[in-house]
>>> print(open('my_file-v8.txt').read())   # compact mmCIF, C-alpha atoms and all ligand atoms
# COMPACT_ATOMS: atom_id res chain seq x y z
CA VAL A 21 -32.51 19.39 -21.78
CA VAL A 22 -29.19 20.83 -20.75
CA LEU A 23 -26.97 18.50 -18.69
CA LYS A 24 -26.23 20.01 -15.27
CA VAL A 25 -22.73 19.05 -14.18
CA GLY A 26 -21.19 19.16 -10.70
CA ILE A 27 -17.41 19.51 -10.39
CA ILE A 28 -15.42 18.09 -7.46
CA GLY A 29 -11.90 19.53 -7.29
CA THR A 30 -11.39 22.97 -8.83
CA GLY A 31 -7.61 22.93 -9.36
CA ASN A 32 -5.81 22.86 -12.71
CA ILE A 33 -7.91 20.41 -14.65
CA GLY A 34 -11.16 20.80 -12.68
CA SER A 35 -11.21 24.54 -13.51
CA ASP A 36 -10.29 23.88 -17.14
CA HIS A 37 -13.10 21.32 -17.47
CA ALA A 38 -15.59 23.66 -15.74
CA ARG A 39 -14.79 26.52 -18.13
CA ARG A 40 -15.03 24.21 -21.15
CA LEU A 41 -18.39 22.85 -19.95
CA ALA A 42 -19.72 26.34 -19.21
CA TRP A 43 -18.65 28.06 -22.42
CA ARG A 44 -17.42 25.70 -25.12
CA VAL A 45 -19.33 22.42 -24.82
CA SER A 46 -22.90 22.50 -26.09
CA GLY A 47 -25.77 21.02 -24.07
CA ALA A 48 -24.09 21.42 -20.66
CA GLU A 49 -23.81 23.84 -17.78
CA VAL A 50 -21.96 23.76 -14.47
CA SER A 51 -24.46 23.87 -11.62
CA ALA A 52 -22.40 23.10 -8.48
CA VAL A 53 -18.75 22.82 -7.46
CA PHE A 54 -16.79 21.73 -4.39
CA ASP A 55 -13.15 22.03 -3.36
CA VAL A 56 -11.56 21.73 0.08
CA ASP A 57 -10.03 25.10 -0.84
CA THR A 58 -13.28 27.06 -0.31
CA ALA A 59 -12.00 30.32 -1.80
CA ARG A 60 -10.92 28.56 -4.99
CA ALA A 61 -14.29 26.82 -5.31
CA GLN A 62 -16.20 30.08 -4.74
CA ALA A 63 -14.13 31.98 -7.30
CA LEU A 64 -14.76 29.31 -9.95
CA ALA A 65 -18.47 29.09 -9.06
CA ALA A 66 -18.85 32.85 -9.54
CA GLU A 67 -17.00 32.64 -12.86
CA VAL A 68 -19.08 29.83 -14.39
CA GLY A 69 -22.47 30.64 -12.82
CA ALA A 70 -22.57 27.73 -10.35
CA VAL A 71 -22.97 27.42 -6.58
CA ALA A 72 -20.13 26.33 -4.30
CA LEU A 73 -21.34 23.64 -1.89
CA GLY A 74 -19.91 22.62 1.50
CA GLN A 75 -18.97 18.99 0.77
CA ALA A 76 -18.24 16.67 -2.14
CA THR A 77 -21.28 14.54 -1.24
CA ASP A 78 -23.48 17.67 -1.41
CA VAL A 79 -22.49 17.99 -5.07
CA ILE A 80 -23.14 14.30 -5.78
CA ASP A 81 -26.55 14.28 -4.06
CA ASP A 82 -27.72 17.74 -5.21
CA PRO A 83 -30.93 17.38 -7.23
CA SER A 84 -29.65 20.08 -9.61
CA VAL A 85 -26.65 17.88 -10.52
CA ASP A 86 -27.24 15.29 -13.29
CA ALA A 87 -23.61 14.15 -13.70
CA VAL A 88 -20.30 14.67 -11.90
CA VAL A 89 -16.73 15.47 -12.94
CA ILE A 90 -14.19 14.20 -10.39
CA ALA A 91 -10.99 16.24 -10.62
CA SER A 92 -9.65 16.13 -7.06
CA PRO A 93 -6.33 14.35 -6.26
CA GLY A 94 -6.08 10.66 -7.21
CA GLU A 95 -6.29 9.32 -3.62
CA THR A 96 -9.80 10.80 -3.28
CA HIS A 97 -11.21 9.28 -6.50
CA ALA A 98 -12.30 5.83 -5.30
CA ASP A 99 -14.60 7.06 -2.50
CA LEU A 100 -16.11 9.74 -4.73
CA VAL A 101 -16.73 7.30 -7.60
CA LEU A 102 -18.43 4.86 -5.19
CA ARG A 103 -20.62 7.68 -3.78
CA THR A 104 -21.57 8.72 -7.32
CA LEU A 105 -22.49 5.13 -8.22
CA ALA A 106 -24.57 4.90 -5.02
CA ALA A 107 -26.48 7.96 -6.27
CA ALA A 108 -26.80 6.24 -9.70
CA LYS A 109 -25.34 9.29 -11.46
CA PRO A 110 -22.77 9.26 -14.29
CA ALA A 111 -19.24 10.48 -13.52
CA LEU A 112 -16.25 11.47 -15.59
CA CYS A 113 -13.38 10.62 -13.25
CA GLU A 114 -9.94 12.03 -14.02
CA LYS A 115 -7.15 9.49 -14.07
CA PRO A 116 -6.35 7.45 -12.06
CA LEU A 117 -9.70 5.74 -11.45
CA ALA A 118 -8.19 4.77 -8.09
CA THR A 119 -4.65 4.50 -6.78
CA THR A 120 -4.87 0.75 -5.98
CA THR A 121 -6.29 -2.21 -7.89
CA ASP A 122 -8.24 -3.25 -4.76
CA ALA A 123 -10.12 0.06 -4.85
CA CYS A 124 -10.66 -0.29 -8.62
CA LEU A 125 -12.18 -3.75 -8.08
CA LYS A 126 -14.70 -2.33 -5.57
CA ILE A 127 -15.76 0.15 -8.25
CA LEU A 128 -16.12 -2.63 -10.87
CA GLU A 129 -18.30 -4.57 -8.41
CA ALA A 130 -20.49 -1.56 -7.63
CA GLU A 131 -20.98 -0.81 -11.34
CA ALA A 132 -21.75 -4.48 -12.08
CA ASP A 133 -24.40 -4.40 -9.31
CA LEU A 134 -26.05 -1.45 -11.07
CA GLY A 135 -25.85 -3.43 -14.31
CA ARG A 136 -24.95 -0.45 -16.51
CA ARG A 137 -21.93 1.73 -17.22
CA LEU A 138 -21.94 5.09 -15.44
CA ILE A 139 -18.21 5.69 -15.03
CA GLN A 140 -15.82 7.11 -17.63
CA VAL A 141 -12.10 7.64 -16.94
CA GLY A 142 -10.31 10.75 -18.24
CA PHE A 143 -7.99 9.05 -20.74
CA MET A 144 -8.31 11.95 -23.17
CA ARG A 145 -5.63 10.80 -25.59
CA ARG A 146 -8.23 8.58 -27.23
CA TYR A 147 -9.92 11.84 -28.33
CA ASP A 148 -6.73 13.42 -29.74
CA SER A 149 -6.87 13.66 -33.56
CA GLY A 150 -3.30 12.31 -33.85
CA TYR A 151 -3.92 9.22 -31.70
CA ALA A 152 -7.28 8.68 -33.42
CA ALA A 153 -5.45 8.62 -36.79
CA VAL A 154 -2.94 6.07 -35.45
CA LYS A 155 -5.81 3.89 -34.19
CA ALA A 156 -7.61 4.18 -37.56
CA ALA A 157 -4.46 3.11 -39.45
CA LEU A 158 -4.13 0.04 -37.20
CA VAL A 159 -7.82 -0.86 -37.51
CA ASP A 160 -7.88 -0.58 -41.33
CA GLY A 161 -4.93 -2.97 -41.59
CA SER A 162 -2.87 -0.62 -43.80
CA VAL A 163 0.37 -1.35 -41.89
CA GLY A 164 -0.32 -5.06 -41.50
CA GLU A 165 -0.31 -6.61 -38.05
CA PRO A 166 0.90 -4.34 -35.22
CA LEU A 167 4.01 -5.93 -33.70
CA LEU A 168 5.63 -3.41 -31.37
CA ALA A 169 5.65 0.27 -30.45
CA HIS A 170 7.98 2.99 -29.16
CA PHE A 171 6.43 5.63 -26.92
CA VAL A 172 7.97 8.82 -25.51
CA HIS A 173 6.56 10.87 -22.61
CA ARG A 174 8.65 13.92 -21.69
CA ASN A 175 7.75 16.82 -19.39
CA ALA A 176 9.87 19.97 -19.11
CA ALA A 177 9.91 19.79 -15.29
CA VAL A 178 7.95 18.49 -12.29
CA PRO A 179 7.54 19.88 -8.74
CA ASP A 180 9.86 18.47 -6.04
CA THR A 181 6.90 16.55 -4.58
CA PHE A 182 6.99 14.30 -7.68
CA THR A 183 8.32 10.79 -6.93
CA THR A 184 9.93 8.12 -9.11
CA GLU A 185 6.77 6.01 -8.70
CA MET A 186 4.61 8.90 -9.96
CA ALA A 187 6.33 8.60 -13.35
CA MET A 188 4.42 5.28 -13.54
CA ASN A 189 1.05 5.98 -11.90
CA ASP A 190 0.73 9.66 -12.84
CA SER A 191 2.55 10.12 -16.19
CA LEU A 192 2.89 6.76 -17.97
CA ILE A 193 -0.62 5.68 -16.95
CA HIS A 194 -1.72 7.49 -20.14
CA GLU A 195 0.72 5.33 -22.18
CA PHE A 196 -0.60 2.18 -20.50
CA ASP A 197 -4.11 3.06 -21.66
CA VAL A 198 -2.92 4.02 -25.16
CA ALA A 199 -1.01 0.73 -25.55
CA ARG A 200 -4.06 -1.36 -24.53
CA TRP A 201 -6.37 0.69 -26.74
CA LEU A 202 -4.16 0.83 -29.88
CA PHE A 203 -3.26 -2.87 -29.79
CA GLY A 204 -6.61 -4.11 -28.45
CA GLN A 205 -4.57 -6.26 -26.05
CA GLU A 206 -4.08 -6.39 -22.31
CA ILE A 207 -0.61 -5.74 -20.89
CA VAL A 208 0.47 -8.94 -19.12
CA ALA A 209 3.86 -7.94 -17.67
CA ALA A 210 6.06 -4.87 -17.20
CA THR A 211 9.77 -4.23 -16.67
CA VAL A 212 11.17 -0.86 -15.55
CA VAL A 213 14.82 0.09 -16.08
CA PRO A 214 15.98 3.47 -14.74
CA SER A 215 18.70 5.15 -16.80
CA ARG A 216 21.65 7.20 -15.61
CA PRO A 217 19.81 10.13 -13.99
CA SER A 218 19.78 13.56 -15.57
CA PRO A 219 21.98 16.01 -13.60
CA LEU A 220 18.98 18.37 -13.81
CA ALA A 221 16.48 15.92 -12.25
CA TRP A 222 15.59 16.34 -8.56
CA PRO A 223 18.22 14.37 -6.55
CA HIS A 224 15.53 11.99 -5.18
CA LEU A 225 14.25 11.08 -8.69
CA ARG A 226 15.31 8.28 -11.01
CA ASP A 227 14.76 10.11 -14.27
CA PRO A 228 14.67 9.17 -17.16
CA GLN A 229 13.41 5.58 -17.10
CA LEU A 230 12.57 2.98 -19.74
CA VAL A 231 9.57 0.65 -19.41
CA LEU A 232 8.98 -2.52 -21.40
CA LEU A 233 5.34 -3.63 -21.61
CA HIS A 234 4.57 -7.19 -22.70
CA LEU A 235 1.22 -7.58 -24.50
CA ALA A 236 -1.00 -10.67 -24.29
CA ASP A 237 -0.33 -11.62 -27.96
CA GLY A 238 3.46 -11.34 -27.50
CA GLY A 239 3.74 -7.79 -28.85
CA LEU A 240 6.02 -5.28 -27.09
CA VAL A 241 5.72 -1.60 -26.19
CA GLU A 242 8.81 0.28 -25.07
CA ALA A 243 8.14 3.60 -23.32
CA GLU A 244 10.55 6.32 -22.24
CA VAL A 245 9.47 8.60 -19.42
CA PHE A 246 11.60 11.69 -18.77
CA VAL A 247 9.99 14.32 -16.55
CA SER A 248 12.95 16.76 -16.35
CA CYS A 249 13.71 17.19 -20.07
CA ARG A 250 13.61 21.01 -19.80
CA TYR A 251 12.78 21.78 -23.45
CA GLY A 252 8.99 21.28 -23.39
CA TYR A 253 6.20 18.68 -23.37
CA ASP A 254 6.87 15.98 -25.94
CA VAL A 255 4.65 12.93 -26.39
CA ARG A 256 5.33 10.57 -29.29
CA CYS A 257 4.27 7.20 -30.52
CA GLU A 258 5.52 4.94 -33.31
CA VAL A 259 3.77 1.64 -34.00
CA VAL A 260 5.66 -0.91 -36.09
CA GLY A 261 3.42 -3.14 -38.18
CA SER A 262 4.26 -6.11 -40.40
CA THR A 263 4.03 -3.99 -43.60
CA GLY A 264 4.54 -0.40 -42.40
CA VAL A 265 4.88 2.05 -39.54
CA VAL A 266 2.44 4.59 -38.04
CA LEU A 267 4.16 7.62 -36.55
CA LEU A 268 2.77 10.31 -34.22
CA GLU A 269 5.19 13.08 -33.40
CA THR A 270 4.47 16.18 -31.38
CA PRO A 271 2.25 18.16 -33.77
CA THR A 272 3.25 21.63 -34.89
CA ALA A 273 0.81 24.12 -36.35
CA SER A 274 3.56 26.06 -38.14
CA ALA A 275 7.31 26.18 -38.71
CA ALA A 276 9.57 29.16 -39.34
CA LEU A 277 12.39 28.93 -41.90
CA ARG A 278 14.99 31.61 -41.20
CA ASN A 279 18.72 32.12 -40.87
CA GLY A 280 19.43 28.71 -42.38
CA ARG A 281 17.27 26.90 -39.79
CA ARG A 282 13.83 25.33 -39.67
CA GLU A 283 12.18 25.95 -36.29
CA SER A 284 8.85 24.84 -34.91
CA PRO A 285 7.46 25.27 -31.41
CA VAL A 286 7.27 22.48 -28.81
CA PRO A 287 4.13 22.65 -26.58
CA ALA A 288 4.88 23.94 -23.09
CA ASP A 289 2.70 21.38 -21.32
CA TRP A 290 -0.24 18.94 -21.52
CA ARG A 291 -2.75 21.82 -21.49
CA VAL A 292 -1.39 23.04 -24.81
CA ARG A 293 -0.78 19.62 -26.40
CA PHE A 294 -4.12 18.04 -25.46
CA GLY A 295 -6.40 21.12 -25.17
CA ALA A 296 -8.44 20.11 -28.22
CA ALA A 297 -8.67 16.48 -27.02
CA TYR A 298 -10.19 17.52 -23.66
CA LEU A 299 -12.86 19.48 -25.52
CA VAL A 300 -13.80 16.51 -27.73
CA GLU A 301 -13.74 14.21 -24.68
CA LEU A 302 -16.18 16.45 -22.78
CA GLN A 303 -18.49 17.08 -25.75
CA GLU A 304 -18.79 13.33 -26.48
CA TRP A 305 -19.30 12.58 -22.77
CA VAL A 306 -22.08 15.21 -22.50
CA ASP A 307 -23.74 14.05 -25.76
CA GLY A 308 -23.66 10.44 -24.56
CA VAL A 309 -24.91 11.10 -21.03
CA ARG A 310 -27.82 13.14 -22.42
CA ARG A 311 -28.79 10.04 -24.45
CA GLY A 312 -28.21 7.80 -21.40
CA VAL A 313 -25.02 6.23 -22.82
CA VAL A 314 -21.50 6.22 -21.33
CA SER A 315 -19.15 4.78 -23.95
CA GLY A 316 -15.70 6.31 -23.36
CA PRO A 317 -12.79 4.71 -21.46
CA SER A 318 -14.45 2.51 -18.83
CA ALA A 319 -13.86 1.59 -15.19
CA TRP A 320 -12.29 -1.61 -16.61
CA ASP A 321 -9.80 0.54 -18.57
CA GLY A 322 -9.08 2.49 -15.38
CA TYR A 323 -8.54 -0.75 -13.44
CA ALA A 324 -6.25 -2.26 -16.10
CA ALA A 325 -4.10 0.91 -16.27
CA THR A 326 -3.78 1.06 -12.46
CA ALA A 327 -2.81 -2.64 -12.43
CA VAL A 328 0.00 -1.98 -14.94
CA ALA A 329 1.19 0.99 -12.85
CA GLU A 330 1.29 -1.27 -9.77
CA SER A 331 3.38 -3.85 -11.63
CA CYS A 332 5.74 -1.10 -12.83
CA VAL A 333 6.22 0.16 -9.26
CA ALA A 334 6.97 -3.43 -8.16
CA SER A 335 9.43 -3.83 -11.05
CA LEU A 336 11.13 -0.59 -10.05
CA ALA A 337 11.78 -2.13 -6.62
CA SER A 338 12.79 -5.63 -7.81
CA GLY A 339 14.53 -4.83 -11.11
CA ARG A 340 12.63 -7.75 -12.69
CA ALA A 341 9.67 -8.22 -15.03
CA VAL A 342 6.46 -8.24 -12.97
CA GLU A 343 3.26 -9.88 -14.18
CA VAL A 344 0.01 -7.93 -14.40
CA GLY A 345 -2.62 -10.22 -12.90
CA LEU A 346 -6.06 -9.00 -13.99
CA VAL A 347 -9.34 -10.58 -12.84
CA ALA A 348 -11.61 -12.00 -15.56
CA ARG A 349 -13.19 -9.20 -17.59
CA PRO A 350 -16.82 -8.76 -16.46
CA PRO A 351 -19.46 -9.00 -19.25
CA LEU A 352 -20.42 -5.33 -18.68
CA TYR A 353 -17.08 -4.37 -20.30
CA ALA A 354 -17.13 -6.93 -23.15
N1 LIG B 401 -6.15 13.69 -17.99
C1 LIG B 401 -5.10 14.47 -17.80
O1 LIG B 401 -4.34 14.72 -18.73
C2 LIG B 401 -4.86 15.11 -16.47
C3 LIG B 401 -4.12 16.29 -16.40
C4 LIG B 401 -3.94 16.86 -15.15
C5 LIG B 401 -4.45 16.26 -14.02
N2 LIG B 401 -5.15 15.10 -14.13
C6 LIG B 401 -5.69 14.44 -12.94
O2 LIG B 401 -6.67 15.30 -12.37
C7 LIG B 401 -6.62 15.26 -10.96
C8 LIG B 401 -6.38 16.67 -10.43
O3 LIG B 401 -5.13 17.14 -10.93
P1 LIG B 401 -4.79 18.72 -10.96
O4 LIG B 401 -3.56 18.85 -11.78
O5 LIG B 401 -5.97 19.52 -11.32
O6 LIG B 401 -4.42 18.96 -9.42
P2 LIG B 401 -4.57 20.31 -8.58
O7 LIG B 401 -3.72 20.09 -7.38
O8 LIG B 401 -4.32 21.49 -9.45
O9 LIG B 401 -6.10 20.35 -8.16
C9 LIG B 401 -6.67 19.46 -7.24
C10 LIG B 401 -7.74 20.22 -6.47
O10 LIG B 401 -8.43 19.30 -5.62
C11 LIG B 401 -8.63 19.92 -4.37
N3 LIG B 401 -8.84 18.88 -3.36
C12 LIG B 401 -7.94 18.25 -2.57
N4 LIG B 401 -8.56 17.32 -1.81
C13 LIG B 401 -9.87 17.36 -2.15
C14 LIG B 401 -11.02 16.65 -1.72
N5 LIG B 401 -10.93 15.68 -0.78
N6 LIG B 401 -12.22 16.96 -2.27
C15 LIG B 401 -12.32 17.93 -3.21
N7 LIG B 401 -11.27 18.65 -3.65
C16 LIG B 401 -10.07 18.35 -3.13
C17 LIG B 401 -7.41 20.78 -4.16
O11 LIG B 401 -7.68 21.82 -3.23
C18 LIG B 401 -7.18 21.32 -5.58
O12 LIG B 401 -7.90 22.51 -5.82
C19 LIG B 401 -5.53 14.25 -10.61
O13 LIG B 401 -6.09 12.99 -10.40
C20 LIG B 401 -4.67 14.24 -11.85
O14 LIG B 401 -3.99 13.00 -12.04
C21 LIG B 401 -5.38 14.53 -15.33
>>> encode(input="my_file-v8.txt", output="structure tokens", more="lines below")
Ligand SMILES: NC(=O)c1ccc[n+]([C@@H]2O[C@H](COP(=O)([O-])OP(=O)(O)OC[C@H]3O[C@@H](n4cnc5c(N)ncnc54)[C@H](O)[C@@H]3O)[C@@H](O)[C@H]2O)c1
Amino acid sequence: VVLKVGIIGTGNIGSDHARRLAWRVSGAEVSAVFDVDTARAQALAAEVGAVALGQATDVIDDPSVDAVVIASPGETHADLVLRTLAAAKPALCEKPLATTTDACLKILEAEADLGRRLIQVGFMRRYDSGYAAVKAALVDGSVGEPLLAHFVHRNAAVPDTFTTEMAMNDSLIHEFDVARWLFGQEIVAATVVPSRPSPLAWPHLRDPQLVLLHLADGGLVEAEVFVSCRYGYDVRCEVVGSTGVVLLETPTASAALRNGRRESPVPADWRVRFGAAYLVELQEWVDGVRRGVVSGPSAWDGYAATAVAESCVASLASGRAVEVGLVARPPLYA
């Protein structure tokens, strides 16, 4: 049977996910949508053959909705995830799972009470072919023991509503998940050091910044975040192992050699860079949910990433390394 999906939040990524589910993912259709912007929700509903409902809870409780995609702003996620768990329906929640660790812990408790995993967090990099190849090289031991990593996260520009803290809980949250996933280690402390600001960054922003993540086994991950780099969207990762290095640069489909130069395009934004990863993420989520299995990034992964972001924001204020104090990992996420 086809999985009927309800979408909450029909902005950038909610609309993208709805179109992918309607036309590109097999075994799924979009049956209901909701957005506080009624006109936007109605336009998307007409496009993908769904109905626009009057409230988010109408989507969650609708009998024609088997599973929910939560793609509204981060502050709304926790309540919606808890409502979805109360209805015992699976949800793919865009990052962040919740904006505070306290809210994440309520979600972990609610899922533990149900005794099975229903929540997946939208950490789509795990489905990117480049990151998957890095993970495979670390798992097969071909570069020895992973010791440290260098990450880069650059955006061409951000709106003036973007804050210095958002570089941690909005942008680098993807790097926090990638670091935990690639190394198979929790991040136990974080230090943030803002650089001399770019003259092209918004005056209220500290941009770029460097973050040092300390892993439980003593490994280190150093991450640059620069959200006003102007030239494009550039995400990189280099893992240094005891016998070799695994390198992921921004992929290029083609290069032009002309006039004595070699030129290749830089993706404009995350939509271009990770378009294929979102499709794999959704297809695997739909395939799993149809079999009654949710196996992607878990509520625990969402909690751990939010906890690291909180420590980074505290480090930004204090200038010091700040510990990441996680609760004991519940057996559900073993
Ligand atoms: N995984 C990724 O790479 C990725 C990329 C982009 C965005 N995101 C995440 O997805 C979420 C949405 O981001 P976006 O870029 O699409 O933002 P957006 O602003 O384009 O869209 C958000 C939509 O939610 C609607 N909305 C606001 N309050 C709502 C509520 N209470 N209930 C329902 N709808 C509500 C808004 O009207 C808007 O249409 C954010 O959490 C963001 O961090 C993840």
>>> closest_residue(input="my_file-v8.txt", among="A:Val342, A:Leu112, A:Ala42, A:Val85", to="ligand LIG 401 (chain B)", atoms="all atoms listed in the file")
A:Leu112
>>> closest_residue(input="my_file-v8.txt", among="A:Pro351, A:Ala273, A:Ala199, A:Thr184", to="Ala337 of chain A", atoms="all atoms listed in the file")
A:Thr184
>>> atom_distance(input="my_file-v8.txt", atom1="atom CA of Glu195 of chain A", atom2="atom CA of Asp321 of chain A")
12.1 Å
>>> atom_distance(input="my_file-v8.txt", atom1="atom CA of His234 of chain A", atom2="atom CA of Thr270 of chain A")
24.9 Å
>>> atom_distance(input="my_file-v8.txt", atom1="atom O10 of ligand LIG 401 (chain B)", atom2="atom CA of Asp190 of chain A")
15.1 Å
>>> closest_atom_pairs(input="my_file-v8.txt", of="chain A", to="ligand LIG 401 (chain B)", cutoff="7 Å", atoms="only C-alpha atoms and all ligand atoms", output="JSON lines")
{"residue": "A:Ile28", "atom": "CA", "partner": "B:LIG401", "partner_atom": "C15", "distance": 5.3}
{"residue": "A:Gly29", "atom": "CA", "partner": "B:LIG401", "partner_atom": "N7", "distance": 3.8}
{"residue": "A:Thr30", "atom": "CA", "partner": "B:LIG401", "partner_atom": "O12", "distance": 4.6}
{"residue": "A:Gly31", "atom": "CA", "partner": "B:LIG401", "partner_atom": "O9", "distance": 3.2}
{"residue": "A:Asn32", "atom": "CA", "partner": "B:LIG401", "partner_atom": "O5", "distance": 3.6}
{"residue": "A:Ile33", "atom": "CA", "partner": "B:LIG401", "partner_atom": "O5", "distance": 4.0}
{"residue": "A:Gly34", "atom": "CA", "partner": "B:LIG401", "partner_atom": "O5", "distance": 5.5}
{"residue": "A:Phe54", "atom": "CA", "partner": "B:LIG401", "partner_atom": "C15", "distance": 6.0}
{"residue": "A:Asp55", "atom": "CA", "partner": "B:LIG401", "partner_atom": "N7", "distance": 3.9}
{"residue": "A:Val56", "atom": "CA", "partner": "B:LIG401", "partner_atom": "N7", "distance": 4.8}
{"residue": "A:Asp57", "atom": "CA", "partner": "B:LIG401", "partner_atom": "O11", "distance": 4.7}
{"residue": "A:Arg60", "atom": "CA", "partner": "B:LIG401", "partner_atom": "O12", "distance": 6.8}
{"residue": "A:Ala76", "atom": "CA", "partner": "B:LIG401", "partner_atom": "N6", "distance": 6.0}
{"residue": "A:Ala91", "atom": "CA", "partner": "B:LIG401", "partner_atom": "C7", "distance": 4.5}
{"residue": "A:Ser92", "atom": "CA", "partner": "B:LIG401", "partner_atom": "O10", "distance": 3.7}
{"residue": "A:Pro93", "atom": "CA", "partner": "B:LIG401", "partner_atom": "O13", "distance": 4.4}
{"residue": "A:Gly94", "atom": "CA", "partner": "B:LIG401", "partner_atom": "O13", "distance": 4.0}
{"residue": "A:Thr96", "atom": "CA", "partner": "B:LIG401", "partner_atom": "N5", "distance": 5.6}
{"residue": "A:Glu114", "atom": "CA", "partner": "B:LIG401", "partner_atom": "O2", "distance": 4.9}
{"residue": "A:Lys115", "atom": "CA", "partner": "B:LIG401", "partner_atom": "O14", "distance": 5.1}
{"residue": "A:Pro116", "atom": "CA", "partner": "B:LIG401", "partner_atom": "O13", "distance": 5.8}
{"residue": "A:Gly142", "atom": "CA", "partner": "B:LIG401", "partner_atom": "N1", "distance": 5.1}
{"residue": "A:Phe143", "atom": "CA", "partner": "B:LIG401", "partner_atom": "N1", "distance": 5.7}
{"residue": "A:Met144", "atom": "CA", "partner": "B:LIG401", "partner_atom": "N1", "distance": 5.9}
{"residue": "A:Asp190", "atom": "CA", "partner": "B:LIG401", "partner_atom": "O14", "distance": 5.8}
{"residue": "A:Trp290", "atom": "CA", "partner": "B:LIG401", "partner_atom": "O1", "distance": 6.5}
>>> closest_residue(input="my_file-v8.txt", among="A:Glu95, A:Asp180, A:Glu165, A:Asp36", to="Val266 of chain A", atoms="all atoms listed in the file")
A:Glu165
>>> closest_residue(input="my_file-v8.txt", among="A:Leu73, A:Ala210, A:Leu128, A:Val255", to="His173 of chain A", atoms="all atoms listed in the file")
A:Val255
>>> build_atoms(input="my_file-v8.txt", residues="segment 31-46 of chain A", atoms="N, CA and C atoms", output="PDB file, in the frame of the given file")
ATOM      1  N   GLY A  31      -9.009  22.544  -9.106  1.00  0.00           N
ATOM      2  CA  GLY A  31      -7.610  22.930  -9.360  1.00  0.00           C
ATOM      3  C   GLY A  31      -7.366  23.101 -10.845  1.00  0.00           C
ATOM      4  N   ASN A  32      -6.186  22.681 -11.301  1.00  0.00           N
ATOM      5  CA  ASN A  32      -5.810  22.860 -12.710  1.00  0.00           C
ATOM      6  C   ASN A  32      -6.867  22.334 -13.660  1.00  0.00           C
ATOM      7  N   ILE A  33      -7.082  21.007 -13.598  1.00  0.00           N
ATOM      8  CA  ILE A  33      -7.910  20.410 -14.650  1.00  0.00           C
ATOM      9  C   ILE A  33      -9.392  20.564 -14.333  1.00  0.00           C
ATOM     10  N   GLY A  34      -9.760  20.595 -13.037  1.00  0.00           N
ATOM     11  CA  GLY A  34     -11.160  20.800 -12.680  1.00  0.00           C
ATOM     12  C   GLY A  34     -11.658  22.162 -13.179  1.00  0.00           C
ATOM     13  N   SER A  35     -10.829  23.200 -13.015  1.00  0.00           N
ATOM     14  CA  SER A  35     -11.210  24.540 -13.510  1.00  0.00           C
ATOM     15  C   SER A  35     -11.272  24.566 -15.025  1.00  0.00           C
ATOM     16  N   ASP A  36     -10.283  23.937 -15.666  1.00  0.00           N
ATOM     17  CA  ASP A  36     -10.290  23.880 -17.140  1.00  0.00           C
ATOM     18  C   ASP A  36     -11.573  23.213 -17.639  1.00  0.00           C
ATOM     19  N   HIS A  37     -11.901  22.053 -17.043  1.00  0.00           N
ATOM     20  CA  HIS A  37     -13.100  21.320 -17.470  1.00  0.00           C
ATOM     21  C   HIS A  37     -14.357  22.167 -17.219  1.00  0.00           C
ATOM     22  N   ALA A  38     -14.412  22.841 -16.068  1.00  0.00           N
ATOM     23  CA  ALA A  38     -15.590  23.660 -15.740  1.00  0.00           C
ATOM     24  C   ALA A  38     -15.778  24.763 -16.774  1.00  0.00           C
ATOM     25  N   ARG A  39     -14.684  25.422 -17.141  1.00  0.00           N
ATOM     26  CA  ARG A  39     -14.790  26.520 -18.130  1.00  0.00           C
ATOM     27  C   ARG A  39     -15.200  25.963 -19.493  1.00  0.00           C
ATOM     28  N   ARG A  40     -14.641  24.813 -19.865  1.00  0.00           N
ATOM     29  CA  ARG A  40     -15.030  24.210 -21.150  1.00  0.00           C
ATOM     30  C   ARG A  40     -16.526  23.874 -21.134  1.00  0.00           C
ATOM     31  N   LEU A  41     -16.975  23.257 -20.025  1.00  0.00           N
ATOM     32  CA  LEU A  41     -18.390  22.850 -19.950  1.00  0.00           C
ATOM     33  C   LEU A  41     -19.297  24.080 -19.963  1.00  0.00           C
ATOM     34  N   ALA A  42     -18.872  25.147 -19.301  1.00  0.00           N
ATOM     35  CA  ALA A  42     -19.720  26.340 -19.210  1.00  0.00           C
ATOM     36  C   ALA A  42     -19.794  27.089 -20.531  1.00  0.00           C
ATOM     37  N   TRP A  43     -18.693  27.133 -21.270  1.00  0.00           N
ATOM     38  CA  TRP A  43     -18.650  28.060 -22.420  1.00  0.00           C
ATOM     39  C   TRP A  43     -18.404  27.410 -23.770  1.00  0.00           C
ATOM     40  N   ARG A  44     -17.832  26.227 -23.811  1.00  0.00           N
ATOM     41  CA  ARG A  44     -17.420  25.700 -25.120  1.00  0.00           C
ATOM     42  C   ARG A  44     -18.136  24.418 -25.514  1.00  0.00           C
ATOM     43  N   VAL A  45     -18.620  23.670 -24.525  1.00  0.00           N
ATOM     44  CA  VAL A  45     -19.330  22.420 -24.820  1.00  0.00           C
ATOM     45  C   VAL A  45     -20.809  22.751 -24.943  1.00  0.00           C
ATOM     46  N   SER A  46     -21.475  22.214 -25.973  1.00  0.00           N
ATOM     47  CA  SER A  46     -22.900  22.500 -26.090  1.00  0.00           C
ATOM     48  C   SER A  46     -23.713  21.473 -25.307  1.00  0.00           C
TER      49      SER A  46
END
